[in-house]
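Raw work_25.txt, compact mmCIF, C-alpha atoms:
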# COMPACT_ATOMS: atom_id res chain seq x y z
CA MET A 28 0.00 0.00 0.00
CA ALA A 29 1.26 3.47 -0.83
CA ASN A 30 2.47 5.60 2.03
CA THR A 31 -0.07 8.06 3.35
CA TYR A 32 -0.63 10.06 6.43
CA THR A 33 -1.17 7.31 9.03
CA LEU A 34 -3.81 8.15 11.58
CA ILE A 35 -2.35 7.63 15.04
CA ALA A 36 -5.26 8.93 17.13
CA SER A 37 -8.29 11.18 17.04
CA SER A 38 -10.22 13.08 19.65
CA THR A 39 -13.69 14.62 19.52
CA VAL A 40 -15.07 16.64 22.40
CA GLY A 41 -18.35 15.40 23.82
CA SER A 42 -21.21 17.21 25.48
CA GLY A 43 -20.09 19.30 28.38
CA GLY A 44 -16.91 20.39 26.66
CA ALA A 45 -13.32 19.69 27.62
CA ALA A 46 -10.47 21.69 29.07
CA ASN A 47 -7.85 20.03 26.84
CA ILE A 48 -7.49 18.00 23.69
CA GLU A 49 -4.52 15.77 24.33
CA PHE A 50 -2.65 13.02 22.55
CA THR A 51 -0.51 10.82 24.76
CA SER A 52 1.67 7.77 24.32
CA ILE A 53 2.65 8.90 20.84
CA PRO A 54 4.80 6.16 19.29
CA SER A 55 8.27 7.06 18.07
CA THR A 56 7.99 5.02 14.90
CA TYR A 57 7.26 7.88 12.50
CA THR A 58 9.46 10.69 11.20
CA ASP A 59 7.11 13.68 11.42
CA LEU A 60 3.76 14.43 13.05
CA LEU A 61 0.83 16.33 11.58
CA VAL A 62 -2.17 17.45 13.61
CA LYS A 63 -5.36 18.86 12.16
CA VAL A 64 -7.59 20.69 14.64
CA SER A 65 -11.13 21.98 14.32
CA SER A 66 -12.22 23.82 17.42
CA ARG A 67 -14.45 26.32 19.13
CA MET A 68 -14.84 27.62 22.68
CA ALA A 69 -17.71 26.49 24.88
CA SER A 70 -17.75 29.86 26.62
CA GLY A 71 -15.68 33.00 26.79
CA SER A 72 -12.79 33.99 24.57
CA SER A 73 -9.15 32.96 24.49
CA GLU A 74 -6.29 31.98 22.27
CA LEU A 75 -5.48 28.39 21.46
CA LEU A 76 -2.16 27.11 22.79
CA VAL A 77 -0.06 23.97 22.42
CA ARG A 78 2.48 22.34 24.68
CA PHE A 79 4.56 19.20 24.42
CA ASN A 80 5.06 16.32 26.86
CA GLY A 81 3.10 18.24 29.48
CA SER A 82 6.06 20.54 29.91
CA THR A 83 5.34 24.02 31.24
CA SER A 84 8.73 25.38 30.26
CA SER A 85 10.93 26.03 27.21
CA HIS A 86 8.22 26.90 24.69
CA SER A 87 8.67 29.87 22.35
CA GLY A 88 7.53 31.18 18.99
CA ILE A 89 6.79 33.97 16.55
CA ARG A 90 3.43 34.65 14.94
CA LEU A 91 2.29 36.54 11.84
CA GLN A 92 -1.39 37.39 12.08
CA GLY A 93 -3.94 39.03 9.80
CA THR A 94 -7.26 40.28 11.09
CA GLY A 95 -8.95 41.27 7.85
CA SER A 96 -8.06 44.89 8.41
CA SER A 97 -4.50 44.80 9.71
CA VAL A 98 -1.45 42.61 10.09
CA ASN A 99 0.80 42.15 13.09
CA SER A 100 3.69 40.05 14.29
CA ALA A 101 4.59 39.21 17.86
CA THR A 102 6.58 36.78 19.94
CA ASN A 103 3.63 34.68 20.80
CA PHE A 104 4.25 32.41 23.72
CA THR A 105 4.58 31.73 27.38
CA ALA A 106 7.17 29.28 28.60
CA ALA A 107 4.27 26.92 29.28
CA GLY A 108 2.93 26.92 25.73
CA VAL A 109 2.83 28.60 22.32
CA TYR A 110 -0.19 30.59 21.13
CA ILE A 111 -1.01 29.07 17.74
CA ASN A 112 -4.41 30.50 16.82
CA GLU A 113 -7.09 32.93 17.83
CA GLU A 114 -9.78 30.53 18.94
CA LEU A 115 -13.32 30.81 17.63
CA TYR A 116 -15.01 32.45 20.58
CA ALA A 117 -18.34 31.24 21.96
CA SER A 118 -19.91 34.51 20.85
CA TYR A 119 -18.88 34.08 17.20
CA THR A 120 -21.09 32.85 14.37
CA ALA A 121 -22.88 29.69 15.39
CA SER A 122 -22.02 26.29 13.92
CA THR A 123 -18.57 27.55 12.90
CA PHE A 124 -15.19 26.20 14.00
CA SER A 125 -11.64 27.44 13.62
CA ASN A 126 -9.14 25.27 11.76
CA LEU A 127 -5.49 24.64 12.27
CA GLU A 128 -2.71 22.46 10.95
CA LEU A 129 0.42 21.83 13.00
CA TYR A 130 3.50 20.05 11.58
CA VAL A 131 6.38 18.75 13.71
CA PRO A 132 9.35 17.31 11.81
CA ASN A 133 11.74 14.85 13.46
CA TYR A 134 9.58 14.75 16.60
CA ALA A 135 11.35 11.68 18.00
CA GLY A 136 14.88 12.90 17.39
CA SER A 137 17.38 14.28 19.89
CA ALA A 138 17.35 17.91 18.74
CA ASN A 139 15.11 20.64 20.08
CA LYS A 140 11.63 20.45 18.56
CA SER A 141 10.50 23.09 16.10
CA PHE A 142 7.09 23.21 14.46
CA SER A 143 5.06 25.02 11.82
CA SER A 144 1.45 25.99 12.42
CA ASP A 145 -1.19 27.66 10.24
CA GLY A 146 -4.60 28.56 11.65
CA VAL A 147 -7.72 30.40 10.58
CA THR A 148 -10.77 31.73 12.39
CA GLU A 149 -13.11 32.77 9.60
CA ASN A 150 -16.72 33.21 10.68
CA ASN A 151 -18.17 35.67 8.17
CA ALA A 152 -18.00 38.49 10.67
CA THR A 153 -15.97 41.63 11.15
CA GLU A 154 -13.52 39.91 13.47
CA ALA A 155 -11.62 36.97 12.00
CA PHE A 156 -8.02 35.85 11.98
CA ALA A 157 -5.42 34.02 9.94
CA GLN A 158 -2.21 33.16 11.78
CA LEU A 159 1.12 31.63 10.86
CA THR A 160 3.33 30.46 13.73
CA ALA A 161 6.94 29.33 13.93
CA GLY A 162 7.25 27.50 17.23
CA LEU A 163 9.94 25.81 19.29
CA TRP A 164 10.06 23.52 22.30
CA SER A 165 13.66 23.72 23.49
CA ASP A 166 13.88 20.17 24.73
CA SER A 167 15.79 17.24 23.27
CA ALA A 168 13.28 14.63 24.45
CA ALA A 169 11.17 12.78 21.93
CA ILE A 170 7.64 14.13 21.79
CA THR A 171 5.28 11.64 23.39
CA SER A 172 2.32 13.91 24.07
CA ILE A 173 0.73 17.01 22.55
CA THR A 174 -1.79 19.11 24.46
CA PHE A 175 -4.06 21.77 22.98
CA TYR A 176 -5.68 24.11 25.50
CA HIS A 177 -6.86 27.65 26.15
CA SER A 178 -5.52 30.11 28.68
CA SER A 179 -9.07 30.06 30.05
CA GLY A 180 -12.25 28.25 29.10
CA ASN A 181 -13.09 24.93 27.51
CA PHE A 182 -13.39 23.43 24.06
CA ALA A 183 -16.96 23.19 22.82
CA GLN A 184 -18.66 19.93 21.90
CA TYR A 185 -17.67 18.64 18.43
CA SER A 186 -14.23 20.23 18.58
CA SER A 187 -11.88 17.61 17.12
CA ALA A 188 -8.27 16.84 16.43
CA TYR A 189 -6.58 14.20 14.31
CA LEU A 190 -2.96 13.15 14.82
CA TYR A 191 -1.14 11.66 11.82
CA GLY A 192 2.30 10.14 11.46
CA ILE A 193 4.45 10.52 8.34
CA LYS A 194 7.44 8.31 7.60
CA ASN A 195 10.37 9.23 5.38
CA SER A 196 11.05 5.62 4.40
CA MET B 2 -11.73 4.89 -6.43
CA ALA B 3 -8.48 4.17 -4.61
CA ALA B 4 -6.95 7.12 -2.83
CA GLY B 5 -3.69 8.47 -4.22
CA ALA B 6 -0.51 8.25 -2.23
CA THR B 7 0.08 11.15 0.13
CA TYR B 8 3.52 11.92 1.46
CA GLU B 9 5.19 8.99 -0.25
CA PRO B 10 8.91 9.37 0.44
CA ILE B 11 11.05 9.71 -2.67
CA ALA B 12 14.42 10.44 -1.05
CA THR B 13 15.85 11.66 2.23
CA THR B 14 19.16 13.16 3.27
CA THR B 15 20.44 13.48 6.83
CA LEU B 16 23.68 15.42 6.95
CA GLY B 17 26.65 13.62 8.47
CA SER B 18 28.86 16.59 7.69
CA ALA B 19 28.17 20.27 7.19
CA THR B 20 27.37 21.44 3.70
CA GLY B 21 25.90 24.45 1.95
CA THR B 22 23.81 22.61 -0.62
CA VAL B 23 21.54 19.60 -0.96
CA THR B 24 20.29 18.27 -4.29
CA PHE B 25 17.55 15.82 -5.18
CA SER B 26 17.97 14.48 -8.69
CA SER B 27 16.28 11.94 -10.97
CA ILE B 28 12.90 12.86 -9.49
CA PRO B 29 10.26 10.56 -11.01
CA GLY B 30 7.42 12.20 -12.89
CA SER B 31 4.80 9.84 -11.51
CA TYR B 32 3.37 12.10 -8.80
CA THR B 33 1.21 15.20 -8.98
CA ASP B 34 2.93 17.44 -6.44
CA LEU B 35 6.15 17.35 -4.46
CA ILE B 36 6.69 18.40 -0.86
CA LEU B 37 10.16 19.05 0.51
CA ILE B 38 10.41 18.95 4.32
CA SER B 39 13.66 20.55 5.46
CA ASN B 40 14.61 20.66 9.15
CA ILE B 41 17.74 22.76 9.26
CA LYS B 42 20.32 23.71 11.83
CA SER B 43 22.67 26.50 10.81
CA ASN B 44 26.37 25.81 10.39
CA THR B 45 27.64 29.27 11.31
CA THR B 46 26.43 32.32 13.13
CA ALA B 47 26.07 34.28 9.91
CA GLN B 48 22.47 34.53 8.79
CA SER B 49 21.39 34.04 5.20
CA SER B 50 18.48 33.41 2.90
CA LEU B 51 17.36 29.93 1.93
CA LEU B 52 17.18 29.40 -1.80
CA PHE B 53 16.26 26.78 -4.39
CA SER B 54 16.74 26.04 -8.03
CA CYS B 55 15.13 23.51 -10.36
CA ASN B 56 16.74 21.36 -13.04
CA GLY B 57 20.08 23.04 -12.48
CA VAL B 58 18.71 26.24 -13.99
CA GLU B 59 20.55 29.13 -12.28
CA THR B 60 20.81 31.66 -15.10
CA GLY B 61 18.38 33.66 -17.17
CA GLY B 62 16.44 35.26 -14.33
CA LEU B 63 13.60 32.71 -14.41
CA TYR B 64 12.58 32.91 -10.75
CA SER B 65 10.34 35.35 -8.89
CA GLY B 66 8.39 35.35 -5.64
CA THR B 67 6.26 37.20 -3.11
CA MET B 68 6.89 36.91 0.61
CA LEU B 69 4.78 37.64 3.70
CA TYR B 70 6.71 37.65 6.94
CA GLY B 71 6.66 38.48 10.65
CA THR B 72 9.70 38.99 12.83
CA GLY B 73 7.97 39.06 16.19
CA SER B 74 8.02 42.84 16.21
CA ALA B 75 7.16 43.78 12.65
CA ALA B 76 5.17 42.37 9.74
CA GLY B 77 5.80 42.99 6.09
CA SER B 78 5.75 41.79 2.53
CA ASN B 79 8.24 42.02 -0.30
CA ARG B 80 9.09 40.28 -3.53
CA THR B 81 11.87 39.26 -5.86
CA SER B 82 11.78 39.14 -9.64
CA ASN B 83 13.98 37.98 -12.50
CA GLN B 84 16.32 36.11 -10.18
CA ASP B 85 18.63 33.22 -11.05
CA TYR B 86 17.30 31.21 -8.11
CA GLY B 87 14.07 30.88 -6.16
CA THR B 88 13.63 32.07 -2.57
CA ILE B 89 12.24 29.93 0.23
CA LEU B 90 13.24 32.28 3.07
CA ARG B 91 14.17 35.88 2.35
CA ASN B 92 13.58 37.91 5.48
CA GLY B 93 15.40 37.59 8.79
CA GLY B 94 17.55 34.69 7.65
CA LEU B 95 18.42 31.35 9.13
CA SER B 96 18.83 31.29 12.88
CA ALA B 97 22.31 31.93 14.24
CA SER B 98 21.59 29.54 17.11
CA SER B 99 23.14 26.10 17.06
CA THR B 100 20.19 24.70 19.02
CA VAL B 101 17.25 25.95 16.96
CA MET B 102 15.99 23.48 14.36
CA GLN B 103 14.20 25.32 11.59
CA PRO B 104 11.44 23.53 9.67
CA PHE B 105 10.65 24.55 6.10
CA ILE B 106 7.74 23.11 4.11
CA THR B 107 8.11 23.68 0.36
CA GLN B 108 5.50 22.50 -2.14
CA PHE B 109 6.18 22.16 -5.86
CA MET B 110 2.77 22.13 -7.47
CA ASN B 111 2.03 20.10 -10.61
CA TYR B 112 5.76 19.71 -11.03
CA SER B 113 5.85 17.15 -13.82
CA ASN B 114 3.62 18.86 -16.36
CA THR B 115 5.25 20.22 -19.51
CA THR B 116 2.76 22.94 -20.40
CA THR B 117 2.84 25.44 -17.53
CA PHE B 118 5.31 27.40 -15.46
CA LYS B 119 5.88 25.93 -12.00
CA THR B 120 4.44 27.34 -8.76
CA VAL B 121 6.26 26.80 -5.49
CA LEU B 122 4.66 27.49 -2.11
CA SER B 123 6.76 27.62 1.02
CA ARG B 124 6.41 28.06 4.78
CA SER B 125 9.45 29.03 6.73
CA ASN B 126 9.71 28.74 10.50
CA VAL B 127 12.69 30.27 12.30
CA SER B 128 11.25 30.49 15.79
CA ASP B 129 13.76 33.01 17.13
CA THR B 130 13.86 35.19 14.01
CA VAL B 131 10.99 35.07 11.52
CA VAL B 132 7.90 33.26 10.27
CA GLU B 133 7.40 33.57 6.53
CA ALA B 134 5.15 32.37 3.73
CA SER B 135 6.13 32.69 0.09
CA ALA B 136 4.73 32.00 -3.34
CA SER B 137 7.31 31.57 -6.07
CA LEU B 138 7.29 31.05 -9.82
CA PHE B 139 9.82 29.15 -11.93
CA ARG B 140 9.23 30.30 -15.50
CA SER B 141 9.90 27.02 -17.22
CA THR B 142 7.49 24.57 -18.79
CA SER B 143 9.92 21.70 -18.30
CA ALA B 144 9.05 18.98 -15.84
CA ILE B 145 11.03 19.34 -12.62
CA THR B 146 13.49 16.46 -12.38
CA SER B 147 15.93 17.93 -9.88
CA ILE B 148 15.79 20.38 -6.97
CA ARG B 149 18.70 22.06 -5.25
CA ILE B 150 18.26 23.78 -1.88
CA PHE B 151 21.04 26.01 -0.59
CA ALA B 152 21.86 28.98 1.60
CA ASN B 153 23.51 31.97 0.04
CA THR B 154 26.06 32.73 2.78
CA ASN B 155 25.52 30.08 5.40
CA GLY B 156 25.58 26.34 5.56
CA PHE B 157 23.65 23.44 6.98
CA ALA B 158 24.97 21.75 10.10
CA ILE B 159 25.30 18.06 10.86
CA GLY B 160 21.92 16.58 11.70
CA SER B 161 19.95 18.75 9.29
CA THR B 162 17.42 16.63 7.40
CA PHE B 163 15.81 16.98 3.99
CA THR B 164 13.05 14.67 2.77
CA LEU B 165 11.29 14.85 -0.59
CA TYR B 166 7.78 13.40 -0.71
CA GLY B 167 5.51 12.77 -3.66
CA ILE B 168 1.75 13.22 -3.64
CA ALA B 169 -0.40 11.55 -6.25
CA ALA B 170 -3.81 12.87 -7.19
CA ALA B 171 -5.08 9.37 -7.95
Just give me the structure of the file as structure tokens.
Amino acid sequence: MANTYTLIASSTVGSGGAANIEFTSIPSTYTDLLVKVSSRMASGSSELLVRFNGSTSSHSGIRLQGTGSSVNSATNFTAAGVYINEELYASYTASTFSNLELYVPNYAGSANKSFSSDGVTENNATEAFAQLTAGLWSDSAAITSITFYHSSGNFAQYSSAYLYGIKNS
Amino acid sequence: MAAGATYEPIATTTLGSATGTVTFSSIPGSYTDLILISNIKSNTTAQSSLLFSCNGVETGGLYSGTMLYGTGSAAGSNRTSNQDYGTILRNGGLSASSTVMQPFITQFMNYSNTTTFKTVLSRSNVSDTVVEASASLFRSTSAITSIRIFANTNGFAIGSTFTLYGIAAA
């Protein structure tokens, strides 16, 4: 069979929402990881963040963001996680979810872990975002877990994420 | 209908010694698009752009591109035209840090057709310097059979990896 993205795990938020979407026990048998996220907040407003291996240190990154009327760039992180997208707030257009793709090359290697992330929050309203992020987790450990979360608030029901592995041989 | 292959590895290079250039040659024409995943560590503290060429073509000014970038304090856009090489990363440059791995995702669209010029889309991620997206054009109707990636003043350190994948539409 031809090589494809290989689905490692998926997660869909049930009724009641969830504080995190998390992938754990990620096998080291692939070369790169790709995560596709579709999400929305259950209440409130916040940015979407990512952290690796549950670590609350050594995360960093730069973002380039367009709002539909302006563009900005900022160092977009706390040590505990990198801001990767403006989340689709609970008050935004109903039945609409933000989308994001996150790519981590050489996730199981011994170098620090860099990643590429592209996210959009289009909801046919005056406030919407498109964001590119260059991120880094300055840790030589293999990535075994990825956690998506908000600085406050929960994911809404039907938010989902799919983790794929890609092999270079 | 069977799904086409996605991310089927064609070739991979992991550097055992520092170099300033990596080439993929004899690329089969059996896919629809190509994706080059480069995870680069800089060889020196000097920063530079990251460049590419196709089919060994590095004369005649056949490359152009438009870049959108953010440095963490400023955002901007610029472009190149009539260049002898294509640009993956133009602004900010490769990281001077020996510990920052820098992922670049470069897509060569419809690379094997012989009727149109070739479009190249790239995302550059230098987490301590710049995030950039670029759209480039290689003004040749020839099928792409080789790709060279290189830095104009810097080099790639040991451990940098480059993998070329093919994607088939069916």
Subject >> Selected residue of minimal separation from B:Ala136 among B:Thr67, B:Asn111, B:Thr164, B:Ser98, counting only C-alpha atoms >> reply: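 Checking each of B:Thr67, B:Asn111, B:Thr164, B:Ser98 against B:Ala136, counting only C-alpha atoms, the winner is B:Thr67.
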Original post:
Could you work out how far atom CA of B:Leu37 lies from atom CA of B:Thr15, giving the answer in Å with one decimal?
Top reply: 13.3 Å
**OP:** Go ahead and compute the interatomic distance for atom CA of B:Thr120 and atom CA of B:Ala12, in Å to one decimal.
**Re:**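 Atom-to-atom, atom CA of B:Thr120 and atom CA of B:Ala12 are spaced 21.1 Å apart.
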Original post:
chain B residues within 10 Å of chain A, counting all atoms listed in the file: which ones, as a PyMOL selection string?
Top reply: chain B and resi 4-14+38-42+69-77+100-106+124-134+160-169
Output C-alpha atoms for every residue in that selection, as a tab-separated table (two decimals), in the frame of the given file.
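Result file follows (result.tsv):
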chain	number	residue	atom	x	y	z
B	4	ALA	CA	-6.95	7.12	-2.83
B	5	GLY	CA	-3.69	8.47	-4.22
B	6	ALA	CA	-0.51	8.25	-2.23
B	7	THR	CA	0.08	11.15	0.13
B	8	TYR	CA	3.52	11.92	1.46
B	9	GLU	CA	5.19	8.99	-0.25
B	10	PRO	CA	8.91	9.37	0.44
B	11	ILE	CA	11.05	9.71	-2.67
B	12	ALA	CA	14.42	10.44	-1.05
B	13	THR	CA	15.85	11.66	2.23
B	14	THR	CA	19.16	13.16	3.27
B	38	ILE	CA	10.41	18.95	4.32
B	39	SER	CA	13.66	20.55	5.46
B	40	ASN	CA	14.61	20.66	9.15
B	41	ILE	CA	17.74	22.76	9.26
B	42	LYS	CA	20.32	23.71	11.83
B	69	LEU	CA	4.78	37.64	3.70
B	70	TYR	CA	6.71	37.65	6.94
B	71	GLY	CA	6.66	38.48	10.65
B	72	THR	CA	9.70	38.99	12.83
B	73	GLY	CA	7.97	39.06	16.19
B	74	SER	CA	8.02	42.84	16.21
B	75	ALA	CA	7.16	43.78	12.65
B	76	ALA	CA	5.17	42.37	9.74
B	77	GLY	CA	5.80	42.99	6.09
B	100	THR	CA	20.19	24.70	19.02
B	101	VAL	CA	17.25	25.95	16.96
B	102	MET	CA	15.99	23.48	14.36
B	103	GLN	CA	14.20	25.32	11.59
B	104	PRO	CA	11.44	23.53	9.67
B	105	PHE	CA	10.65	24.55	6.10
B	106	ILE	CA	7.74	23.11	4.11
B	124	ARG	CA	6.41	28.06	4.78
B	125	SER	CA	9.45	29.03	6.73
B	126	ASN	CA	9.71	28.74	10.50
B	127	VAL	CA	12.69	30.27	12.30
B	128	SER	CA	11.25	30.49	15.79
B	129	ASP	CA	13.76	33.01	17.13
B	130	THR	CA	13.86	35.19	14.01
B	131	VAL	CA	10.99	35.07	11.52
B	132	VAL	CA	7.90	33.26	10.27
B	133	GLU	CA	7.40	33.57	6.53
B	134	ALA	CA	5.15	32.37	3.73
B	160	GLY	CA	21.92	16.58	11.70
B	161	SER	CA	19.95	18.75	9.29
B	162	THR	CA	17.42	16.63	7.40
B	163	PHE	CA	15.81	16.98	3.99
B	164	THR	CA	13.05	14.67	2.77
B	165	LEU	CA	11.29	14.85	-0.59
B	166	TYR	CA	7.78	13.40	-0.71
B	167	GLY	CA	5.51	12.77	-3.66
B	168	ILE	CA	1.75	13.22	-3.64
B	169	ALA	CA	-0.40	11.55	-6.25
Original post:
Which residues, protein or nucleic acid, reach to within 12 Å of (6.7, 11.4, 20.4) in the file's coordinates when using all atoms listed in the file, and can you give that as a VMD selection string?
Top reply: chain A and resid 35 50 to 61 79 to 81 131 to 137 140 167 to 173 190 to 192
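Take the candidates A:Ser178, A:Asn47, A:Ser84, A:Ser65 and check each one against A:Glu149 using only C-alpha atoms; the shortest distance goes to A:Ser65.
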Subject >> Distance query A:Val147 at most 10 Å, all atoms listed in the file, self and fewer than 4 positions along chain excluded, as a ChimeraX atom specification >> reply: /A:65,92-94,111-115,124-128,155-159
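The space separating atom CA of B:Thr116 from atom CA of B:Arg140 comes to 11.0 Å.
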**OP:** Name the residues in contact with B:Ile159 at a cut-off of 9 Å, using only C-alpha atoms, excluding same-chain residues fewer than 6 positions from it; report them as JSON, numbers by chain.
**Re:** {"B": [15, 16, 17, 18, 19, 20, 42, 43, 44]}
Subject >> Residues within 8 Å of stretch 52-63 of chain B, all atoms listed in the file, excluding chain neighbours under 6 positions, as a ChimeraX atom specification >> reply: /B:82-90,138-141,145-153
Using the file's own x, y and z axes, so that the box edges lie along x, y and z, what centre and edge lengths in Å (one decimal) does a box around every listed atom of stretch 179-182 of chain A get when 3 Å is added on each side? Give it as JSON.
{"center_x": -11.2, "center_y": 26.7, "center_z": 27.1, "size_x": 10.3, "size_y": 12.6, "size_z": 12.0}
Original post:
Could you pull the residues within 7 Å of B:Thr142, counting all atoms listed in the file, minus those fewer than 6 positions along the same chain, as an MDAnalysis selection string?
Top reply: chainID B and resid 115:118
Subject >> Radius query 10 Å about (-9.3, 15.5, 17.6), atoms used: all atoms listed in the file, as a list in words >> reply: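 Protein and nucleic acid residues near the point are Ala36, Ser37, Ser38, Thr39, Val40, Ile48, Glu49, Phe50, Val62, Lys63, Val64, Ser65, Ser66, Phe175, Tyr185, Ser186, Ser187, Ala188, Tyr189 and Leu190 of chain A.
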Take the residues just selected and output them with C-alpha atoms as a JSON list (two decimals), in the coordinates of the input.
[["chain", "number", "residue", "atom", "x", "y", "z"],
["A", 36, "ALA", "CA", -5.26, 8.93, 17.13],
["A", 37, "SER", "CA", -8.29, 11.18, 17.04],
["A", 38, "SER", "CA", -10.22, 13.08, 19.65],
["A", 39, "THR", "CA", -13.69, 14.62, 19.52],
["A", 40, "VAL", "CA", -15.07, 16.64, 22.40],
["A", 48, "ILE", "CA", -7.49, 18.00, 23.69],
["A", 49, "GLU", "CA", -4.52, 15.77, 24.33],
["A", 50, "PHE", "CA", -2.65, 13.02, 22.55],
["A", 62, "VAL", "CA", -2.17, 17.45, 13.61],
["A", 63, "LYS", "CA", -5.36, 18.86, 12.16],
["A", 64, "VAL", "CA", -7.59, 20.69, 14.64],
["A", 65, "SER", "CA", -11.13, 21.98, 14.32],
["A", 66, "SER", "CA", -12.22, 23.82, 17.42],
["A", 175, "PHE", "CA", -4.06, 21.77, 22.98],
["A", 185, "TYR", "CA", -17.67, 18.64, 18.43],
["A", 186, "SER", "CA", -14.23, 20.23, 18.58],
["A", 187, "SER", "CA", -11.88, 17.61, 17.12],
["A", 188, "ALA", "CA", -8.27, 16.84, 16.43],
["A", 189, "TYR", "CA", -6.58, 14.20, 14.31],
["A", 190, "LEU", "CA", -2.96, 13.15, 14.82]]
Could you pull stretch 132-152 of chain A out of the structure I just pasted and write it to a file containing N, CA and C atoms, as a PDB file, in the first residue's frame?
ATOM      1  N   PRO A 132       8.398  18.244  12.410  1.00  0.00           N
ATOM      2  CA  PRO A 132       9.355  17.308  11.810  1.00  0.00           C
ATOM      3  C   PRO A 132      10.284  16.723  12.862  1.00  0.00           C
ATOM      4  N   ASN A 133      10.731  15.503  12.601  1.00  0.00           N
ATOM      5  CA  ASN A 133      11.736  14.849  13.462  1.00  0.00           C
ATOM      6  C   ASN A 133      11.353  14.909  14.946  1.00  0.00           C
ATOM      7  N   TYR A 134      10.110  14.576  15.238  1.00  0.00           N
ATOM      8  CA  TYR A 134       9.580  14.747  16.597  1.00  0.00           C
ATOM      9  C   TYR A 134      10.225  13.788  17.595  1.00  0.00           C
ATOM     10  N   ALA A 135      10.772  12.678  17.096  1.00  0.00           N
ATOM     11  CA  ALA A 135      11.348  11.681  17.999  1.00  0.00           C
ATOM     12  C   ALA A 135      12.875  11.761  18.060  1.00  0.00           C
ATOM     13  N   GLY A 136      13.445  12.764  17.392  1.00  0.00           N
ATOM     14  CA  GLY A 136      14.883  12.901  17.395  1.00  0.00           C
ATOM     15  C   GLY A 136      15.419  13.540  18.658  1.00  0.00           C
ATOM     16  N   SER A 137      16.726  13.784  18.681  1.00  0.00           N
ATOM     17  CA  SER A 137      17.382  14.284  19.892  1.00  0.00           C
ATOM     18  C   SER A 137      17.654  15.781  19.855  1.00  0.00           C
ATOM     19  N   ALA A 138      17.187  16.462  18.803  1.00  0.00           N
ATOM     20  CA  ALA A 138      17.346  17.913  18.739  1.00  0.00           C
ATOM     21  C   ALA A 138      16.125  18.593  19.363  1.00  0.00           C
ATOM     22  N   ASN A 139      16.262  19.872  19.637  1.00  0.00           N
ATOM     23  CA  ASN A 139      15.107  20.643  20.076  1.00  0.00           C
ATOM     24  C   ASN A 139      14.007  20.559  19.014  1.00  0.00           C
ATOM     25  N   LYS A 140      12.770  20.708  19.435  1.00  0.00           N
ATOM     26  CA  LYS A 140      11.630  20.446  18.558  1.00  0.00           C
ATOM     27  C   LYS A 140      11.002  21.737  18.038  1.00  0.00           C
ATOM     28  N   SER A 141      11.127  21.940  16.741  1.00  0.00           N
ATOM     29  CA  SER A 141      10.496  23.092  16.100  1.00  0.00           C
ATOM     30  C   SER A 141       9.229  22.640  15.390  1.00  0.00           C
ATOM     31  N   PHE A 142       8.297  23.572  15.172  1.00  0.00           N
ATOM     32  CA  PHE A 142       7.089  23.208  14.460  1.00  0.00           C
ATOM     33  C   PHE A 142       6.578  24.381  13.643  1.00  0.00           C
ATOM     34  N   SER A 143       5.714  24.057  12.691  1.00  0.00           N
ATOM     35  CA  SER A 143       5.058  25.022  11.817  1.00  0.00           C
ATOM     36  C   SER A 143       3.558  24.896  12.037  1.00  0.00           C
ATOM     37  N   SER A 144       2.872  26.033  12.161  1.00  0.00           N
ATOM     38  CA  SER A 144       1.447  25.995  12.417  1.00  0.00           C
ATOM     39  C   SER A 144       0.745  27.085  11.612  1.00  0.00           C
ATOM     40  N   ASP A 145      -0.365  26.711  10.974  1.00  0.00           N
ATOM     41  CA  ASP A 145      -1.195  27.663  10.236  1.00  0.00           C
ATOM     42  C   ASP A 145      -2.625  27.520  10.728  1.00  0.00           C
ATOM     43  N   GLY A 146      -3.239  28.612  11.134  1.00  0.00           N
ATOM     44  CA  GLY A 146      -4.595  28.556  11.651  1.00  0.00           C
ATOM     45  C   GLY A 146      -5.468  29.665  11.106  1.00  0.00           C
ATOM     46  N   VAL A 147      -6.759  29.399  11.044  1.00  0.00           N
ATOM     47  CA  VAL A 147      -7.717  30.403  10.581  1.00  0.00           C
ATOM     48  C   VAL A 147      -8.944  30.391  11.481  1.00  0.00           C
ATOM     49  N   THR A 148      -9.546  31.570  11.616  1.00  0.00           N
ATOM     50  CA  THR A 148     -10.770  31.729  12.390  1.00  0.00           C
ATOM     51  C   THR A 148     -11.713  32.588  11.569  1.00  0.00           C
ATOM     52  N   GLU A 149     -12.211  32.047  10.503  1.00  0.00           N
ATOM     53  CA  GLU A 149     -13.106  32.771   9.605  1.00  0.00           C
ATOM     54  C   GLU A 149     -14.539  32.447   9.985  1.00  0.00           C
ATOM     55  N   ASN A 150     -15.341  33.464  10.274  1.00  0.00           N
ATOM     56  CA  ASN A 150     -16.716  33.206  10.678  1.00  0.00           C
ATOM     57  C   ASN A 150     -17.686  34.219  10.074  1.00  0.00           C
ATOM     58  N   ASN A 151     -17.290  34.771   8.910  1.00  0.00           N
ATOM     59  CA  ASN A 151     -18.167  35.666   8.174  1.00  0.00           C
ATOM     60  C   ASN A 151     -18.627  36.831   9.054  1.00  0.00           C
ATOM     61  N   ALA A 152     -17.698  37.371   9.781  1.00  0.00           N
ATOM     62  CA  ALA A 152     -17.998  38.495  10.666  1.00  0.00           C
ATOM     63  C   ALA A 152     -16.859  39.496  10.564  1.00  0.00           C
TER      64      ALA A 152
END
